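Below: one structure, written as structure tokens.
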Amino acid sequence: MGLKPSLPPCLRRSVRNRLVAVLLLVVLATVSLAAGANMLIHLRRMEADLNSQSVAALREAQNALLRLSRQAETTARHLAGLSEVRGAIGAPGMEGLLEEARALWFLGLVEIFDKDGRRVAAAGSGDGQDLRFGTPPDSPALKSALDLIGGTDFSADASGLCIRAFAPVLAPGTMQVAGVVAVTYPVGETQLTTLKDQVRADFALRWDDSGRIISTLVDEKGGEVSAGLDLPAPGAAEQAEALGIRPGPGGSYAMAAAPLSDNQGRPVATLMALMSDEDIRRGIGDTTRLVLLSMSLALLLALLLGFLVANSFTRPIQTLREGIQALARGRLDTRVDVAREDELGALAQGFNEMAEHMEAARGGITSALQMKESYAQELEASNEKLARFNQELEGVVAERTEELTQRNRSLTREIDERHHAERLLKESEQRFMDILDFLPDATFVIDRAGRVIAWNRAIVELTGVPAQQMLGQDQYAYAQPFYGERRPALIDMVLAADEDRPALERLYPGVSRVGRTLRAEIAVPSLRGRPVHISCIATPLFNTEGEIIGAIESIRDVTERVKTQKKLSHHALHDILTGLANRALFGNRMEHSIRRSLRSPDHRLAVLLLDLDRFKRVNDTLGHLAGDALLITVARRLEAVVRDVDTVARLGGDEFVVLLDGIGAPRDAIRIAGRILEDVGHPVQVGGRDVHTSASIGIVFSSGEYQNADDLLRDADIAMYRAKDLGRGRYKVFHSGLREKAMRHMTLETELRLAVDQGHFELLYQPIVDMKSGALCGLEALLRWRHETRGLLAPAEFLAAAEEAGLMLPLGRWVLRQACGDAVRWRGLAPGAALLPLHINVSGRQFSQGDLAESLAQAMAEAGLAQGGVVLELTETDLMNDPRAAARLLWQLRENGVRVALDDFGIGYSSLFSLQQYPLDALKVDMRFVAGMEQGRQGLRIVRAIVSLASGLGMGVVAEGVESAAQRDQLLGLGCALGQGHLFAQPLPLAEVLELVRKGATEAAPN
């Protein structure tokens, strides 16, 4: 017994239904597989996007903490650099000082420690909760800051996590640490909430030591949720990395974690970014509904097509079957209407022909009965023919069924491809809109007809017009927010025809073109109530065939940049403090004036170079703010003196220059210079007191002999310095002799530098003797310059130039080393004799430097010279420049075994109090007083008074410039035993000094 397939009656009784069922099953299987694969790919892609978003959010949070760290460090340095803080550490009222400086530290906690690490002041923001983050006194970072090593660090303790920045506070005028400023910014719920608002992600922060966790997750009542998070183990994350989808309160989250470490690289906390997978779940639901809808539509379409195709085969067969049944019932007039050209149409035509023959035979039924056999044969033939037709029909049905199956498969593939293309198009459009919204520049897109099809978030913020209001608008509606009217914008020039572009270019004359892209900067009179400058870039959009389908325009608000450029342009040509022209602008105007004078001999110009006298004293005594106020006042007075066509500029410091363009005669410039001197000499109110100053002015005239501005300024500078040499507070007109003198001075300075580098200096020594016995009592070192062409030069010929060139310090150090070395040599000739003092002159610059005692001690140590054998000679002026510093240095020299003699006593800034205040060992009577003894009794009385004063104070006395025996006898009569001068010996080179010492040692040796 054979098995038959068990089919429902509707399928078993109808070929059409079976054909339709097969087609539906094929379509259902194909669509189901495609939908499942698509959902799996979509899920993986969304999870990957969510993980990357969590990592990006974490890095943004790290950058925010880094910016907070840099802000803390900057605040600490600013507070540490305040002069009020540097000079008031340890003094009362430090908290008040911190409150006055609150503009620098509006956030966190500020602490000030003294140099011993004790906290002397603290102030916090808010309600004082920040005080719990106080710096512990044993903090390593605090100790490092006390060693001049500032820094910033993460710190976690029982109070929470915070960022601390330390900056050393230097004592005024020194490099010694007076204290430390510590700025602490707490990191907690407030910072995490701020990050959540900025980055649109949740964050969690865990203290690795205590395990405490805070987060921005909230429950249904708005409370913080930190439990239930699947967090990584402490130290598991070495850098910012994604940890995948993890469970948490209220759902799952894409998590990324990064460690927060201190300066020693030890992790103190772990920062985690959390992105909810709610979007994934929502996306899976939307995709599922879309797939079900697509499957339903596909099945419905397949069912409809199946019925249409099946009916095209079964309906003609049904018609033939009904016609045959009618013939069988004797209805010979039956005809079938099958208008087809295929085999079914031929079968129907044969059927109709057979029916016609049978009907035609009805009239001759009698003959038909006679011809029964023939009819029977014809009927049998017809049956055979009908059988063949049935076989052919079955073959045709089979072929058409196979063809229908192939077409159905092709149709299924075409439907799948079309769905895939539609999905890709939607994704592409969504990505394009996401990119537009992500762009920081205001951007909109129009199609070829001028309708707005995209309006991003940035342009909404710029114009205040929402996208819903603008999308679909045409007729230049996108220009209304910017220009207050509907008119063509830059984007319309991209789409305009060639004949329309000239009219549009007149609206935007500054347009630049690079290929098809247009750029322009446009001044908008009013955008949301304020004037702005916008930078526009417009470019066409093309389809895959290269046809223009629309255009995109990007707009950026460049108002601040334009303002900054204008301000920078002004600052580039003007002095920031006074608002006068600077060197660049002045040079440009002077070049124009010079070229004009070269073209026109009648055009005259004058340059007045002005320098304030003793301006440095104002800065040193009243401060730089007072000096700035004085410069501003002088600038305004200069502008009031000159004409509108003239130019006043500040070259730098206290140096100003005036260009008098087109003067009638030199006397005009001299008259203006006199008015400048008069106005500058008027007192200036600075800080509630009158400040008096004066100016030295150099004047240069030109009527075509100068070719460039540098030569004019050079000669004006020469004339100005000549005015200073003549006593300041005056003007000097330049002439060629001044330039020659300046050239000689510059040549001398150059030769001096070369001489210092190549060692062209030497020391001569003038003996100091006992004027009664003639015995050698000391030697004074005298500097000489061995010039290549001029021979041996005395100090008077080059010391002034050396002082101006800044060579006195290296020269002074060389004299100390050389003189100490020479002293060791002559003391080696008489080792048992008393020490022969070495007198060394010290310049005011070397004395005021502050390291004279150390330099001399180093020179003595290097030469091996014992203490007690050096006498430094200073002038009264050197001591009175800074009496307190001078006293400290003299006592330091006394402790090092160095004696001090006051040189040229009586001709400088004398003060009897200074003789009592300073530790001086001897006075040296100036040679002018010694020479005056022979010219009258007045000179003799002065020398007697000096000797008596020194004797009363317990000091020695040395007379300088003793040239005659009469002078020697008078000095001995006054009680002055020691002297030096040409009467006893000229300054001697070292070889002769050694011979003199050797001879004295031989004569003093016992026979």
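In the structure tokens, chains take the letters A, B, ... in the order shown, each chain's residues start at 1, and ligands count up from 1 in the order shown.
Contact shell of Val55 (chain A) at 7 Å (only C-alpha atoms; same-chain neighbours under 4 positions omitted): Asn51, Arg59, Ala240, Glu241, Ala242 and Ala256 of chain A.
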Could you save those same residues with C-alpha atoms as an mmCIF file, in the first residue's frame?
```
data_model
loop_
_atom_site.group_PDB
_atom_site.id
_atom_site.type_symbol
_atom_site.label_atom_id
_atom_site.label_comp_id
_atom_site.auth_asym_id
_atom_site.auth_seq_id
_atom_site.Cartn_x
_atom_site.Cartn_y
_atom_site.Cartn_z
ATOM 1 C CA ASN A 51 31.471 51.419 23.737
ATOM 2 C CA ARG A 59 38.541 61.018 27.718
ATOM 3 C CA ALA A 240 41.400 54.744 29.404
ATOM 4 C CA GLU A 241 39.771 51.609 27.922
ATOM 5 C CA ALA A 242 36.304 50.217 27.201
ATOM 6 C CA ALA A 256 34.914 52.657 30.203
#
```
Residue list (helix (DSSP H, G or I), DSSP) for region 748-779 of chain A, as a list in words: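 Across region 748-779 of chain A, those assigned helix (DSSP H, G or I) are Leu748, Glu749, Thr750, Glu751, Leu752, Arg753, Leu754, Ala755, Val756, Asp757 and Gln758 of chain A.
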Let's have the selection written as a PDB file, in the first residue's frame, with C-alpha atoms.
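Heads up, here's the output in selection_24.pdb:
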```pdb
ATOM      1  CA  LEU A 748      87.172 102.676  22.299  1.00  0.00           C
ATOM      2  CA  GLU A 749      84.421 100.455  23.714  1.00  0.00           C
ATOM      3  CA  THR A 750      85.050  97.801  21.028  1.00  0.00           C
ATOM      4  CA  GLU A 751      88.789  97.862  21.727  1.00  0.00           C
ATOM      5  CA  LEU A 752      88.085  97.599  25.436  1.00  0.00           C
ATOM      6  CA  ARG A 753      85.996  94.447  24.973  1.00  0.00           C
ATOM      7  CA  LEU A 754      88.729  92.942  22.819  1.00  0.00           C
ATOM      8  CA  ALA A 755      91.336  93.878  25.426  1.00  0.00           C
ATOM      9  CA  VAL A 756      89.315  92.210  28.199  1.00  0.00           C
ATOM     10  CA  ASP A 757      88.956  89.027  26.128  1.00  0.00           C
ATOM     11  CA  GLN A 758      92.648  88.934  25.122  1.00  0.00           C
TER      12      GLN A 758
END
```
Region 292-307 of chain A surroundings by only C-alpha atoms, 7 Å radius, close-in-sequence under 3 positions cut, as a list of chain:residue names: A:Val20, A:Leu23, A:Leu24, A:Val27, A:Leu28, A:Val31, A:Thr288, A:Arg289, A:Ala310, A:Asn311
For the residues in that selection, give me N, CA, C and O atoms as a PDB file, in the first residue's frame.
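Everything below was put into result24.pdb:
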```pdb
ATOM      1  N   VAL A  20       0.604  28.546  -5.203  1.00  0.00           N
ATOM      2  CA  VAL A  20       0.688  29.752  -4.355  1.00  0.00           C
ATOM      3  C   VAL A  20       1.345  29.430  -3.023  1.00  0.00           C
ATOM      4  O   VAL A  20       2.161  30.211  -2.496  1.00  0.00           O
ATOM      5  N   LEU A  23       5.144  29.181  -3.342  1.00  0.00           N
ATOM      6  CA  LEU A  23       5.730  30.521  -3.520  1.00  0.00           C
ATOM      7  C   LEU A  23       5.795  31.274  -2.187  1.00  0.00           C
ATOM      8  O   LEU A  23       6.807  31.914  -1.855  1.00  0.00           O
ATOM      9  N   LEU A  24       4.745  31.161  -1.363  1.00  0.00           N
ATOM     10  CA  LEU A  24       4.738  31.850  -0.065  1.00  0.00           C
ATOM     11  C   LEU A  24       5.810  31.294   0.859  1.00  0.00           C
ATOM     12  O   LEU A  24       6.480  32.038   1.596  1.00  0.00           O
ATOM     13  N   VAL A  27       9.278  32.663  -0.171  1.00  0.00           N
ATOM     14  CA  VAL A  27       9.432  34.074   0.197  1.00  0.00           C
ATOM     15  C   VAL A  27       9.611  34.227   1.707  1.00  0.00           C
ATOM     16  O   VAL A  27      10.464  34.988   2.185  1.00  0.00           O
ATOM     17  N   LEU A  28       8.810  33.475   2.498  1.00  0.00           N
ATOM     18  CA  LEU A  28       8.894  33.583   3.963  1.00  0.00           C
ATOM     19  C   LEU A  28      10.270  33.163   4.473  1.00  0.00           C
ATOM     20  O   LEU A  28      10.869  33.824   5.322  1.00  0.00           O
ATOM     21  N   VAL A  31      12.981  35.967   3.455  1.00  0.00           N
ATOM     22  CA  VAL A  31      12.858  37.211   4.230  1.00  0.00           C
ATOM     23  C   VAL A  31      13.256  36.990   5.683  1.00  0.00           C
ATOM     24  O   VAL A  31      13.916  37.837   6.304  1.00  0.00           O
ATOM     25  N   THR A 288      12.822  45.245  14.921  1.00  0.00           N
ATOM     26  CA  THR A 288      11.936  44.073  14.885  1.00  0.00           C
ATOM     27  C   THR A 288      10.592  44.433  14.247  1.00  0.00           C
ATOM     28  O   THR A 288      10.066  43.701  13.394  1.00  0.00           O
ATOM     29  N   ARG A 289      10.032  45.566  14.650  1.00  0.00           N
ATOM     30  CA  ARG A 289       8.748  45.975  14.066  1.00  0.00           C
ATOM     31  C   ARG A 289       8.887  46.224  12.560  1.00  0.00           C
ATOM     32  O   ARG A 289       7.997  45.879  11.770  1.00  0.00           O
ATOM     33  N   ALA A 310      -1.078  31.987 -11.130  1.00  0.00           N
ATOM     34  CA  ALA A 310      -1.774  30.695 -11.154  1.00  0.00           C
ATOM     35  C   ALA A 310      -3.087  30.782 -11.940  1.00  0.00           C
ATOM     36  O   ALA A 310      -3.448  29.878 -12.718  1.00  0.00           O
ATOM     37  N   ASN A 311      -3.787  31.896 -11.751  1.00  0.00           N
ATOM     38  CA  ASN A 311      -5.043  32.062 -12.488  1.00  0.00           C
ATOM     39  C   ASN A 311      -4.819  32.153 -13.998  1.00  0.00           C
ATOM     40  O   ASN A 311      -5.677  31.744 -14.806  1.00  0.00           O
TER      41      ASN A 311
END
```
Distance in Å - CA of Asp500 (chain A) versus CA of Phe542 (chain A): 20.7 Å
Those of region 137-296 of chain A in DSSP strand (DSSP E or B), formatted as a ChimeraX atom specification: /A:151-157,160-170,177-187,202-207,213-215,218,224,241-248,251-261,267-276
Sorted by chain and rising residue number, list the residues of region 742-832 of chain A at most 7 Å from region 979-992 of chain A (counting only C-alpha atoms), each with its closest atom pair and distance in Å to one decimal, as CSV.
```
residue,atom,partner,partner_atom,distance
A:Leu763,CA,A:Pro989,CA,6.9
A:Leu764,CA,A:Pro989,CA,4.8
A:Tyr765,CA,A:Pro987,CA,5.1
A:Gln766,CA,A:Pro987,CA,4.2
A:Pro767,CA,A:Gln980,CA,6.4
A:Ile768,CA,A:Gln980,CA,4.9
A:Val769,CA,A:Gly979,CA,5.8
A:Asp770,CA,A:Gly979,CA,6.7
A:Met771,CA,A:Gly979,CA,6.1
```
Restricted to all heavy atoms, what would the selected residues look like written as a short mmCIF file (atom, residue, chain, number, x, y, z; two decimals), in the first residue's frame?
```cif
data_model
loop_
_atom_site.label_atom_id
_atom_site.label_comp_id
_atom_site.auth_asym_id
_atom_site.auth_seq_id
_atom_site.Cartn_x
_atom_site.Cartn_y
_atom_site.Cartn_z
N LEU A 763 99.00 95.33 35.84
CA LEU A 763 98.99 96.08 37.08
C LEU A 763 100.37 96.67 37.36
O LEU A 763 101.40 96.00 37.19
CB LEU A 763 98.57 95.18 38.25
CG LEU A 763 97.12 94.65 38.25
CD1 LEU A 763 96.89 93.76 39.47
CD2 LEU A 763 96.13 95.80 38.26
N LEU A 764 100.34 97.95 37.75
CA LEU A 764 101.52 98.60 38.31
C LEU A 764 101.28 98.82 39.79
O LEU A 764 100.13 98.90 40.24
CB LEU A 764 101.79 99.94 37.61
CG LEU A 764 102.03 99.89 36.10
CD1 LEU A 764 102.32 101.28 35.58
CD2 LEU A 764 103.17 98.94 35.75
N TYR A 765 102.33 98.92 40.55
CA TYR A 765 102.21 99.04 42.01
C TYR A 765 102.98 100.27 42.48
O TYR A 765 104.17 100.42 42.18
CB TYR A 765 102.73 97.78 42.70
CG TYR A 765 101.94 96.55 42.37
CD1 TYR A 765 102.31 95.72 41.31
CD2 TYR A 765 100.81 96.23 43.10
CE1 TYR A 765 101.58 94.59 40.99
CE2 TYR A 765 100.07 95.09 42.78
CZ TYR A 765 100.45 94.28 41.74
OH TYR A 765 99.73 93.17 41.43
N GLN A 766 102.26 101.18 43.21
CA GLN A 766 102.92 102.36 43.77
C GLN A 766 103.20 102.11 45.24
O GLN A 766 102.29 101.80 46.01
CB GLN A 766 102.05 103.61 43.60
CG GLN A 766 102.79 104.87 44.05
CD GLN A 766 102.02 106.11 43.65
OE1 GLN A 766 100.81 106.13 43.69
NE2 GLN A 766 102.74 107.16 43.25
N PRO A 767 104.46 102.27 45.64
CA PRO A 767 104.82 102.01 47.04
C PRO A 767 104.18 103.02 47.98
O PRO A 767 104.03 104.20 47.65
CB PRO A 767 106.34 102.12 47.05
CG PRO A 767 106.75 101.91 45.63
CD PRO A 767 105.67 102.50 44.81
N ILE A 768 103.79 102.56 49.17
CA ILE A 768 103.36 103.40 50.29
C ILE A 768 104.47 103.26 51.34
O ILE A 768 104.77 102.15 51.78
CB ILE A 768 102.01 102.92 50.84
CG1 ILE A 768 100.92 103.00 49.76
CG2 ILE A 768 101.61 103.74 52.06
CD1 ILE A 768 99.58 102.43 50.18
N VAL A 769 105.07 104.44 51.71
CA VAL A 769 106.29 104.39 52.53
C VAL A 769 106.09 105.14 53.83
O VAL A 769 105.18 105.97 53.96
CB VAL A 769 107.48 104.99 51.74
CG1 VAL A 769 107.70 104.23 50.46
CG2 VAL A 769 107.24 106.46 51.45
N ASP A 770 106.95 104.81 54.75
CA ASP A 770 107.08 105.60 55.99
C ASP A 770 107.90 106.84 55.64
O ASP A 770 109.09 106.74 55.31
CB ASP A 770 107.78 104.77 57.07
CG ASP A 770 107.80 105.48 58.42
OD1 ASP A 770 107.80 106.74 58.44
OD2 ASP A 770 107.80 104.80 59.45
N MET A 771 107.22 108.01 55.66
CA MET A 771 107.87 109.22 55.15
C MET A 771 109.05 109.64 56.02
O MET A 771 109.91 110.40 55.56
CB MET A 771 106.85 110.36 55.06
CG MET A 771 105.80 110.14 53.98
SD MET A 771 104.72 111.58 53.73
CE MET A 771 103.80 111.56 55.27
#
```
Near-region 861-865 of chain A list (8 Å; only C-alpha atoms; drop same-chain fewer than 6 positions) as a ChimeraX atom specification: /A:817,820-821,823-824
Shell around region 443-451 of chain A at 12 Å using only C-alpha atoms, local window under 3 positions removed, as an MDAnalysis selection string: chainID A and resid 432:433 435:440 454:463 467 470:479 487:496 535:543 547:557
Which residue of A:Val700, A:Ala254, A:Val641, A:Ala801 approaches Ala48 (chain A) most closely, using only C-alpha atoms: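 Going through A:Val700, A:Ala254, A:Val641, A:Ala801 one by one, the smallest distance to Ala48 (chain A) is for A:Ala254.
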Who sits within 12 Å of Val871 (chain A), only C-alpha atoms, same chain under 2 positions skipped, as a PyMOL selection string: chain A and resi 778-781+816+819-820+835-842+856+867-869+873-874+890+893-894+896-903+920-924+956
Point-to-point distance in Å for CA of Ala635 (chain A) and CA of Gln707 (chain A): 28.2 Å
